[in-house]
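See below for run-v1.txt, which holds compact mmCIF, C-alpha atoms.
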```txt
# COMPACT_ATOMS: atom_id res chain seq x y z
CA MET A 94 111.02 66.90 155.90
CA SER A 95 107.54 65.96 154.69
CA HIS A 96 106.88 63.98 151.53
CA ASN A 97 105.32 67.01 149.88
CA ASP A 98 108.43 69.08 150.52
CA GLU A 99 110.60 66.31 149.16
CA VAL A 100 108.54 66.22 145.95
CA ASP A 101 108.79 70.00 145.68
CA ARG A 102 112.54 69.81 146.08
CA ILE A 103 112.89 67.18 143.39
CA LEU A 104 110.63 69.19 141.13
CA ASP A 105 112.61 72.39 141.65
CA GLN A 106 115.81 70.52 141.08
CA ALA A 107 114.50 69.19 137.78
CA LEU A 108 113.27 72.59 136.70
CA GLY A 109 116.62 74.05 137.74
CA GLU A 110 118.06 72.32 134.74
CA TYR A 111 116.23 74.76 132.52
CA ARG A 112 117.30 77.70 134.62
CA ASP A 113 120.94 76.68 134.75
CA ALA A 114 121.22 75.29 131.24
CA GLU A 115 124.47 76.49 129.75
CA PRO A 116 125.54 76.29 126.15
CA LEU A 117 128.90 74.95 125.12
CA ARG A 118 131.68 77.48 125.58
CA GLY A 119 132.07 80.09 122.87
CA ILE A 120 128.49 80.13 121.61
CA GLU A 121 128.63 83.89 121.00
CA ASP A 122 131.66 83.58 118.73
CA ARG A 123 130.10 80.73 116.81
CA ILE A 124 126.90 82.70 116.29
CA LEU A 125 128.83 85.78 115.19
CA ARG A 126 130.93 83.73 112.78
CA ARG A 127 127.80 82.27 111.25
CA VAL A 128 126.15 85.66 111.02
CA ALA A 129 129.28 87.12 109.40
CA GLY A 130 129.22 84.27 106.89
CA GLN A 131 125.80 85.35 105.71
CA PRO A 132 125.67 87.89 102.87
CA VAL A 133 124.66 91.39 103.85
CA GLU A 134 121.03 91.96 103.02
CA ARG A 135 121.56 95.55 101.87
CA PRO A 136 121.97 94.65 98.18
CA ARG A 137 118.72 92.74 98.33
CA ARG A 138 116.91 95.84 99.58
CA MET A 139 118.50 97.86 96.81
CA ALA A 140 117.43 95.21 94.33
CA TRP A 141 113.90 95.50 95.61
CA ILE A 142 113.95 99.26 95.19
CA LEU A 143 115.35 98.94 91.67
CA ALA A 144 112.78 96.30 90.77
CA LEU A 145 109.96 98.52 92.03
CA ALA A 146 111.30 101.50 90.09
CA ALA A 147 111.55 99.41 86.92
CA ALA A 148 108.01 98.10 87.39
CA ALA A 149 106.71 101.64 87.88
CA ALA A 150 108.49 102.81 84.73
CA ILE A 151 106.97 99.94 82.74
CA VAL A 152 103.49 100.73 84.03
CA ILE A 153 103.86 104.41 83.17
CA ALA A 154 105.13 103.56 79.67
CA ALA A 155 102.26 101.13 79.15
CA LEU A 156 99.73 103.74 80.26
CA TRP A 157 101.27 106.37 77.98
CA LEU A 158 101.19 103.99 75.01
CA GLY A 159 97.65 103.02 75.86
CA VAL A 160 96.51 106.65 75.93
CA ARG A 161 98.34 107.35 72.66
CA ASN A 162 96.88 104.35 70.87
CA GLY A 163 93.49 105.01 72.38
CA GLY A 164 93.45 108.46 70.73
CA HIS A 165 94.20 106.90 67.33
CA SER A 166 92.01 103.87 67.58
CA ARG A 167 88.75 105.76 67.34
CA PRO A 168 89.38 107.29 63.89
CA VAL A 169 90.52 103.87 62.65
CA ALA A 170 87.28 102.36 63.84
CA ASN A 171 85.38 105.12 62.03
CA HIS A 172 87.33 104.39 58.87
CA THR A 173 86.33 100.79 59.08
CA THR A 174 82.66 101.51 59.45
CA GLN A 175 82.75 104.10 56.70
CA SER A 176 84.50 101.71 54.35
CA GLU A 177 81.94 99.02 55.15
CA GLN A 178 79.15 101.45 54.38
CA GLN A 179 80.81 102.43 51.12
CA ALA A 180 81.31 98.82 50.17
CA THR A 181 77.62 98.21 50.80
CA ALA A 182 76.67 101.21 48.70
CA GLU A 183 78.94 100.03 45.89
CA ALA A 184 77.62 96.52 46.04
CA PRO A 185 75.98 96.53 42.58
CA GLN A 186 79.28 97.55 40.98
CA VAL A 187 81.25 94.64 42.48
CA GLU A 188 78.40 92.25 42.18
CA LYS A 189 79.64 90.28 39.17
CA PRO A 190 83.08 89.20 40.37
CA VAL A 191 81.69 88.08 43.72
CA ALA A 192 78.71 86.33 42.14
CA LYS A 193 81.01 84.35 39.83
CA SER A 194 82.85 82.88 42.75
CA SER A 195 79.95 81.03 44.35
CA ALA A 196 77.30 78.68 43.03
CA PRO A 197 74.33 80.00 45.08
CA ALA A 198 75.11 83.51 43.90
CA ARG A 199 75.16 82.27 40.34
CA ALA A 200 71.75 80.66 40.78
CA GLU A 201 70.37 83.88 42.15
CA ALA A 202 71.89 85.81 39.28
CA LYS A 203 70.09 83.50 36.85
CA ALA A 204 66.81 84.00 38.72
CA GLY A 205 67.39 87.74 38.71
CA THR A 206 66.15 88.31 42.25
CA LYS A 207 67.78 89.69 45.38
CA VAL A 208 71.19 89.83 43.85
CA PRO A 209 72.04 93.34 45.06
CA ALA A 210 71.14 92.48 48.66
CA ARG A 211 73.16 89.28 48.55
CA ALA A 212 76.08 91.09 47.00
CA SER A 213 75.95 93.79 49.62
CA VAL A 214 76.09 91.21 52.38
CA THR A 215 79.01 89.44 50.71
CA THR A 216 80.99 92.60 50.15
CA ALA A 217 80.30 93.77 53.68
CA HIS A 218 81.61 90.44 54.92
CA ILE A 219 84.72 90.86 52.79
CA ALA A 220 85.20 94.39 54.03
CA ALA A 221 84.86 93.23 57.63
CA SER A 222 87.27 90.35 57.18
CA THR A 223 89.96 92.40 55.43
CA PRO A 224 91.89 94.86 57.58
CA ALA A 225 90.92 98.47 57.21
CA LYS A 226 93.35 100.47 55.14
CA PRO A 227 93.99 104.12 55.71
CA GLY A 228 92.57 106.33 52.99
CA LEU A 229 89.90 103.84 51.94
CA ALA A 230 87.26 106.32 53.02
CA GLN A 231 88.27 108.68 50.24
CA PHE A 232 88.76 106.15 47.43
CA PRO A 233 86.78 105.55 45.30
CA ALA A 234 84.22 108.21 46.06
CA PRO A 235 80.70 106.85 45.37
CA ALA A 236 78.90 108.64 42.50
CA PRO A 237 75.31 109.55 43.35
CA LEU A 238 72.61 107.95 41.18
CA THR A 239 71.02 110.08 38.48
CA GLY A 240 67.28 110.71 38.23
CA GLU A 241 66.84 108.11 35.46
CA GLU A 242 68.71 105.51 37.47
CA HIS A 243 66.54 106.15 40.51
CA ALA A 244 63.42 105.79 38.37
CA LEU A 245 64.72 102.57 36.83
CA LEU A 246 65.49 101.13 40.29
CA ALA A 247 61.97 102.04 41.46
CA VAL A 248 60.42 100.30 38.47
CA ALA A 249 62.64 97.26 38.94
CA ARG A 250 61.58 96.97 42.57
CA THR A 251 57.87 97.47 42.01
CA HIS A 252 57.36 95.83 38.57
CA PRO A 253 60.28 93.61 37.67
CA ASP A 254 58.11 91.69 35.14
CA VAL A 255 57.69 94.84 33.08
CA LEU A 256 61.41 95.08 32.59
CA LEU A 257 61.71 91.36 31.80
CA GLY A 258 58.80 91.58 29.33
CA ALA A 259 60.31 94.60 27.66
CA ALA A 260 63.17 92.43 26.50
CA ASP A 261 60.75 90.20 24.52
CA SER A 262 58.41 92.89 23.20
CA PRO A 263 57.87 93.23 19.39
CA ASP A 264 58.68 96.94 19.59
CA ARG A 265 62.17 96.07 20.33
CA LEU A 266 64.76 97.64 18.10
CA ASN A 267 66.01 95.09 15.58
CA ILE A 268 69.41 95.57 14.15
CA ALA A 269 70.13 93.68 11.00
CA PRO A 270 73.31 91.67 10.97
CA ILE A 271 76.14 93.22 9.02
CA GLU A 272 76.97 91.41 5.83
CA ILE A 273 80.32 91.98 4.19
CA LYS A 274 80.43 90.78 0.61
CA PRO A 275 83.68 89.51 -0.93
CA LEU A 276 85.36 91.59 -3.62
CA ALA A 277 84.13 90.91 -7.20
CA PRO A 278 86.80 88.98 -9.25
CA GLU A 279 85.69 90.61 -12.60
CA ALA A 280 86.57 94.01 -11.35
CA GLY A 281 89.62 95.46 -13.13
CA PRO A 282 92.80 96.41 -11.39
CA PRO A 283 92.97 99.91 -10.06
CA GLN A 284 94.16 102.53 -12.37
CA GLY A 285 97.82 103.55 -12.37
CA GLU A 286 99.04 100.00 -11.65
CA GLN A 287 100.14 99.36 -15.12
CA MET B 264 122.93 127.34 102.91
CA ALA B 265 125.66 126.01 100.70
CA ALA B 266 127.40 124.54 103.68
CA ASN B 267 124.18 122.82 104.79
CA SER B 268 123.61 121.29 101.40
CA ALA B 269 127.21 120.12 101.34
CA ILE B 270 126.67 118.45 104.71
CA LEU B 271 123.44 116.80 103.59
CA ARG B 272 124.95 115.50 100.36
CA ILE B 273 126.50 112.33 101.80
CA PRO B 274 127.42 109.72 99.17
CA GLN B 275 125.13 106.71 99.14
CA GLU B 276 128.05 104.31 99.51
CA THR B 277 129.01 106.06 102.72
CA THR B 278 125.53 105.79 104.19
CA LEU B 279 125.35 102.13 103.21
CA ALA B 280 128.70 101.46 104.80
CA LEU B 281 127.58 103.27 107.94
CA ASP B 282 124.37 101.27 108.02
CA VAL B 283 126.25 98.00 107.66
CA GLN B 284 128.69 99.05 110.36
CA ARG B 285 125.85 100.07 112.69
CA GLU B 286 124.02 96.82 112.09
CA THR B 287 127.17 94.84 112.73
CA VAL B 288 127.62 96.58 116.06
CA GLU B 289 123.95 96.02 116.89
CA ILE B 290 124.03 92.32 116.10
CA GLU B 291 127.23 91.82 118.05
CA THR B 292 125.76 93.58 121.06
CA ALA B 293 122.58 91.54 120.81
CA VAL B 294 124.52 88.29 120.59
CA ARG B 295 126.70 89.15 123.57
CA GLN B 296 123.69 90.18 125.64
CA HIS B 297 121.08 87.60 124.73
CA ALA B 298 122.74 84.50 123.26
CA ARG B 299 122.64 82.52 126.50
CA PHE B 300 119.09 83.55 127.23
CA VAL B 301 117.97 82.54 123.73
CA PHE B 302 119.79 79.27 124.19
CA LYS B 303 117.90 78.61 127.44
CA VAL B 304 114.53 79.23 125.81
CA ALA B 305 115.37 76.83 123.03
CA TYR B 306 116.76 74.33 125.49
CA GLY B 307 113.54 74.49 127.54
CA VAL B 308 111.70 73.09 124.55
CA LEU B 309 114.33 70.81 123.04
CA ARG B 310 116.43 69.68 126.03
CA ASN B 311 119.36 69.12 123.74
CA VAL B 312 122.43 71.34 123.85
CA HIS B 313 123.31 71.10 120.17
CA ASP B 314 119.78 71.57 118.90
CA ALA B 315 119.31 74.54 121.24
CA GLU B 316 122.49 76.14 119.92
CA ASP B 317 121.35 75.60 116.33
CA VAL B 318 118.13 77.39 117.19
CA ALA B 319 120.05 80.23 118.86
CA GLN B 320 122.11 80.67 115.69
CA GLU B 321 118.98 80.72 113.55
CA VAL B 322 117.47 83.35 115.83
CA PHE B 323 120.38 85.72 115.37
CA LEU B 324 120.53 85.06 111.66
CA ARG B 325 116.95 86.23 111.54
CA VAL B 326 117.83 89.29 113.58
CA HIS B 327 120.66 89.99 111.15
CA ARG B 328 118.29 89.65 108.21
CA ASP B 329 115.28 91.57 109.54
CA GLY B 330 116.87 93.99 112.00
CA THR B 331 115.35 95.07 115.29
CA ARG B 332 113.68 98.28 114.16
CA GLY B 333 110.27 98.80 115.72
CA VAL B 334 110.85 96.11 118.36
CA ARG B 335 110.02 97.39 121.83
CA ASP B 336 111.01 94.44 123.99
CA VAL B 337 113.99 92.85 122.27
CA GLN B 338 114.34 90.12 124.87
CA ALA B 339 110.70 89.02 124.57
CA TRP B 340 110.94 89.23 120.81
CA LEU B 341 114.04 87.01 120.75
CA ALA B 342 112.40 84.59 123.18
CA THR B 343 109.34 84.32 120.94
CA ILE B 344 111.45 83.61 117.85
CA ALA B 345 113.54 81.06 119.72
CA PHE B 346 110.47 79.38 121.15
CA ARG B 347 108.77 79.07 117.76
CA LEU B 348 111.89 77.83 116.02
CA ALA B 349 112.40 75.30 118.79
CA ILE B 350 108.81 74.10 118.49
CA ASP B 351 109.32 73.69 114.74
CA ARG B 352 112.47 71.72 115.34
CA LYS B 353 110.81 69.58 118.01
CA ARG B 354 108.29 68.40 115.45
CA ARG B 355 111.17 66.63 113.79
CA PRO B 356 112.40 63.31 115.25
CA GLU B 357 113.03 63.54 118.98
CA ALA B 358 116.53 64.59 119.99
CA LEU B 359 116.41 63.87 123.70
CA ASP B 360 119.80 63.12 125.15
CA LEU B 361 119.85 62.93 128.92
CA ALA B 362 123.51 61.96 128.98
CA GLU B 363 124.38 65.43 127.82
CA LEU B 364 122.71 67.16 130.72
CA GLU B 365 125.07 69.65 132.25
CA LEU B 366 123.83 69.86 135.80
CA THR B 367 125.55 72.30 138.06
CA ALA B 368 128.28 70.72 140.10
CA ARG B 369 127.36 69.87 143.64
CA GLU B 370 129.33 68.44 146.49
CA VAL B 371 127.51 65.17 146.80
CA SER B 372 128.63 61.64 147.07
CA ALA B 373 128.55 59.29 144.11
CA GLU B 374 125.61 57.36 145.55
CA GLN B 375 123.61 60.49 146.28
CA SER B 376 124.45 61.83 142.88
CA THR B 377 123.19 58.67 141.22
CA ILE B 378 119.93 58.76 143.19
CA ALA B 379 119.46 62.45 142.44
CA ARG B 380 120.11 61.87 138.75
CA GLN B 381 117.58 59.08 138.68
CA SER B 382 114.97 61.22 140.41
CA VAL B 383 115.61 64.15 138.14
CA ALA B 384 115.50 61.93 135.08
CA ARG B 385 112.17 60.58 136.30
CA VAL B 386 110.81 64.12 136.77
CA HIS B 387 112.00 65.05 133.30
CA ARG B 388 110.13 62.12 131.85
CA LEU B 389 107.05 63.24 133.76
CA ILE B 390 107.47 66.81 132.52
CA ALA B 391 107.85 65.53 128.97
CA SER B 392 104.60 63.62 129.39
CA LEU B 393 102.68 66.80 130.28
CA PRO B 394 100.45 68.31 127.61
CA ASP B 395 102.07 71.20 125.73
CA GLU B 396 99.74 73.84 127.16
CA LEU B 397 100.97 72.95 130.68
CA ARG B 398 104.55 71.98 129.88
CA TYR B 399 105.65 75.13 128.06
CA PRO B 400 104.48 77.63 130.71
CA LEU B 401 106.14 75.51 133.41
CA VAL B 402 109.43 75.17 131.56
CA LEU B 403 109.56 78.82 130.50
CA SER B 404 108.77 79.94 134.05
CA ALA B 405 111.94 78.21 135.18
CA ILE B 406 113.98 80.66 133.08
CA GLU B 407 114.59 83.56 135.44
CA GLU B 408 114.90 86.16 132.73
CA LEU B 409 111.32 85.57 131.58
CA ASN B 410 108.40 87.00 133.51
CA SER B 411 104.79 85.84 133.24
CA ARG B 412 103.87 88.76 130.96
CA GLN B 413 106.53 87.78 128.45
CA ILE B 414 105.55 84.12 128.66
CA ALA B 415 101.95 85.11 128.03
CA ALA B 416 103.03 87.09 124.96
CA MET B 417 105.10 84.18 123.68
CA LEU B 418 102.27 81.69 124.08
CA SER B 419 99.55 84.14 123.00
CA ILE B 420 97.52 83.56 126.15
CA PRO B 421 96.44 85.87 129.01
CA GLU B 422 98.91 86.42 131.81
CA SER B 423 96.50 84.98 134.38
CA SER B 424 96.32 81.78 132.35
CA VAL B 425 100.09 81.45 132.52
CA ARG B 426 100.05 81.44 136.31
CA GLY B 427 97.10 79.05 136.42
CA ARG B 428 98.75 76.63 134.02
CA ILE B 429 102.03 76.65 135.97
CA MET B 430 100.16 75.79 139.17
CA ARG B 431 98.21 73.02 137.48
CA ALA B 432 101.36 71.60 135.91
CA ARG B 433 103.16 71.52 139.24
CA GLN B 434 100.19 69.90 140.95
CA LEU B 435 99.94 67.26 138.25
CA LEU B 436 103.65 66.51 138.47
CA LYS B 437 103.49 66.19 142.25
CA GLU B 438 100.63 63.74 142.00
CA LYS B 439 102.39 61.65 139.38
CA LEU B 440 105.67 61.75 141.26
CA ALA B 441 103.97 60.75 144.49
CA ALA B 442 102.27 57.86 142.75
CA VAL B 443 105.55 56.69 141.24
CA THR B 444 107.36 56.96 144.59
CA GLU B 445 104.61 55.00 146.37
CA VAL B 446 104.72 52.26 143.78
CA LYS B 447 108.49 52.04 144.09
CA SER B 448 108.44 51.98 147.92
```
Would you give me this structure, written as structure tokens?
Amino acid sequence: MSHNDEVDRILDQALGEYRDAEPLRGIEDRILRRVAGQPVERPRRMAWILALAAAAAIVIAALWLGVRNGGHSRPVANHTTQSEQQATAEAPQVEKPVAKSSAPARAEAKAGTKVPARASVTTAHIAASTPAKPGLAQFPAPAPLTGEEHALLAVARTHPDVLLGAADSPDRLNIAPIEIKPLAPEAGPPQGEQ
Amino acid sequence: MAANSAILRIPQETTLALDVQRETVEIETAVRQHARFVFKVAYGVLRNVHDAEDVAQEVFLRVHRDGTRGVRDVQAWLATIAFRLAIDRKRRPEALDLAELELTAREVSAEQSTIARQSVARVHRLIASLPDELRYPLVLSAIEELNSRQIAAMLSIPESSVRGRIMRARQLLKEKLAAVTEVKS
């Protein structure tokens, strides 16, 4: 037998270990016992199905609520913008309470300039910061300005000095102070008292 | 029509019980048929009886958990799982125990047996020193139940590469063994 054949034989013998490897007796029973000891996976599959069904139901409910709220949200947004517009239009009416609350507004009120604009900004800010309330669009309904009021506004914008000067003009209506005199002591008692 | 609907309306508990029963029969059949083969594949990597059996148990637990639906070649599939689990286990501290080798009984004298054991142990050390890409094809080729196509699928390499690697591994082992023998003599 050559050396090469001898090496081949040894090699095959060594590899035969892998071919002839045998487990300890009863491996099948041990495996089956271990497998039987494991919980059946069926409930886990059912749990998966249930979890998926629940997730689908939640998604559908969320979509339905979203669609429902989406339909209502637009009118609410319109209410808000309308109320802001109304608040801006009514700015001169609420001007005094707002102006009293802040020093710069007071200074402007003394100067007599730009107060309506400032007030409109302030009231718009208040309207934006406060949550919109349903029905605000209808209450209070703004009264349109009369012809005289429009004319007065136009004069105030174009010639404010005329209005200020009118307050100091000599043609101004003077009302004499009311004087109430005390009762005369020499006057006799009313008749019929005796 | 009514009879058909009555036949189709099987309670869910019954179908589940049937499924469980069917799976139990399937797993038992698979264990009886393939347990030793799976053990051999694991042993080829680990060379430890107890570790190989642990891997075999893990393989069938996985079969029990995932089922065998859609698997064409069950044997190759089991071999792949066993091989990968064994590789994972081998990355842990080495569990080589040559004393536990269960060589087939042969009518040889005590002296011859000792010499043979020493030679075989030497070859095993040489095989263990081979790089993985040569060692695994060689070891798996020794398992008769596995053909080169299945080994190629397990190792994710072409079938021709399997044959080439086995030849190279054998050649390398011969050279090393010859060198060792010459040194000893």
May I have the residues at most 9 Å from (120.0, 81.0, 121.9) in the file's coordinates, counting all atoms listed in the file, as a PyMOL selection string? (chain A and resi 116+120) or (chain B and resi 294+297-306+315-323+341-342+345)
CA of Gly307 in chain B and CA of Glu110 in chain A, how far apart in Å?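 Straight-line distance from CA of Glu110 in chain A to CA of Gly307 in chain B works out to 8.8 Å.
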Show me a table, sorted first by chain and then by increasing residue number, of the residues of chain A having an atom at most 9 Å from chain B, each with its shortest atom pair and the distance in Å to one decimal, counting only C-alpha atoms and written as a Markdown table.
```
| residue | atom | partner | partner_atom | distance |
| --- | --- | --- | --- | --- |
| A:His96 | CA | B:Ala441 | CA | 8.3 |
| A:Asn97 | CA | B:Lys437 | CA | 7.9 |
| A:Val100 | CA | B:Lys437 | CA | 6.3 |
| A:Asp101 | CA | B:Lys437 | CA | 7.4 |
| A:Ile103 | CA | B:Val383 | CA | 6.6 |
| A:Leu104 | CA | B:Val386 | CA | 6.7 |
| A:Asp105 | CA | B:Ala405 | CA | 8.7 |
| A:Gln106 | CA | B:Val383 | CA | 7.0 |
| A:Ala107 | CA | B:Val383 | CA | 5.2 |
| A:Leu108 | CA | B:Ala405 | CA | 6.0 |
| A:Gly109 | CA | B:Ala405 | CA | 6.8 |
| A:Glu110 | CA | B:Leu366 | CA | 6.4 |
| A:Tyr111 | CA | B:Gly307 | CA | 5.7 |
| A:Arg112 | CA | B:Ile406 | CA | 4.7 |
| A:Asp113 | CA | B:Thr367 | CA | 7.2 |
| A:Ala114 | CA | B:Lys303 | CA | 6.0 |
| A:Glu115 | CA | B:Arg299 | CA | 7.1 |
| A:Pro116 | CA | B:Val312 | CA | 6.3 |
| A:Leu117 | CA | B:Val312 | CA | 7.5 |
| A:Ile120 | CA | B:Glu316 | CA | 7.4 |
| A:Glu121 | CA | B:Val294 | CA | 6.0 |
| A:Asp122 | CA | B:Val294 | CA | 8.8 |
| A:Arg123 | CA | B:Gln320 | CA | 8.1 |
| A:Ile124 | CA | B:Gln320 | CA | 5.2 |
| A:Leu125 | CA | B:Glu291 | CA | 6.9 |
| A:Arg127 | CA | B:Gln320 | CA | 7.4 |
| A:Val128 | CA | B:Leu324 | CA | 5.7 |
| A:Ala129 | CA | B:Thr287 | CA | 8.7 |
| A:Gln131 | CA | B:Leu324 | CA | 8.0 |
| A:Val133 | CA | B:Val283 | CA | 7.8 |
| A:Glu134 | CA | B:Arg328 | CA | 6.3 |
| A:Arg135 | CA | B:Leu279 | CA | 7.7 |
```
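Interatomic distance, CA of Gly130 in chain A against CA of Ala339 in chain B: 26.0 Å.
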Measure the distance from CA of Arg388 in chain B to CA of Val443 in chain B in Å and round it to one decimal.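 According to the coordinates, CA of Arg388 in chain B and CA of Val443 in chain B are separated by 11.8 Å.
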Find the spatial neighbours of range 417-422 of chain B, counting all atoms listed in the file, within a cut-off of 9 Å - ignore same-chain residues fewer than 2 positions away - and output them as a ChimeraX atom specification. /B:339-340,342-344,346-347,396,399-400,411-415,424-427
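Using all atoms listed in the file, the shortest contact distance between Ile350 in chain B and any of B:Arg332, B:Asp314, B:Val337, B:Ile378 is found at B:Asp314.
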Restricting the calculation to all atoms listed in the file, which member of B:Ala416, B:Leu409, B:Ala442, B:Ala432 is positioned closest to Gln338 in chain B?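 That would be B:Leu409, the residue with the smallest distance to Gln338 in chain B.
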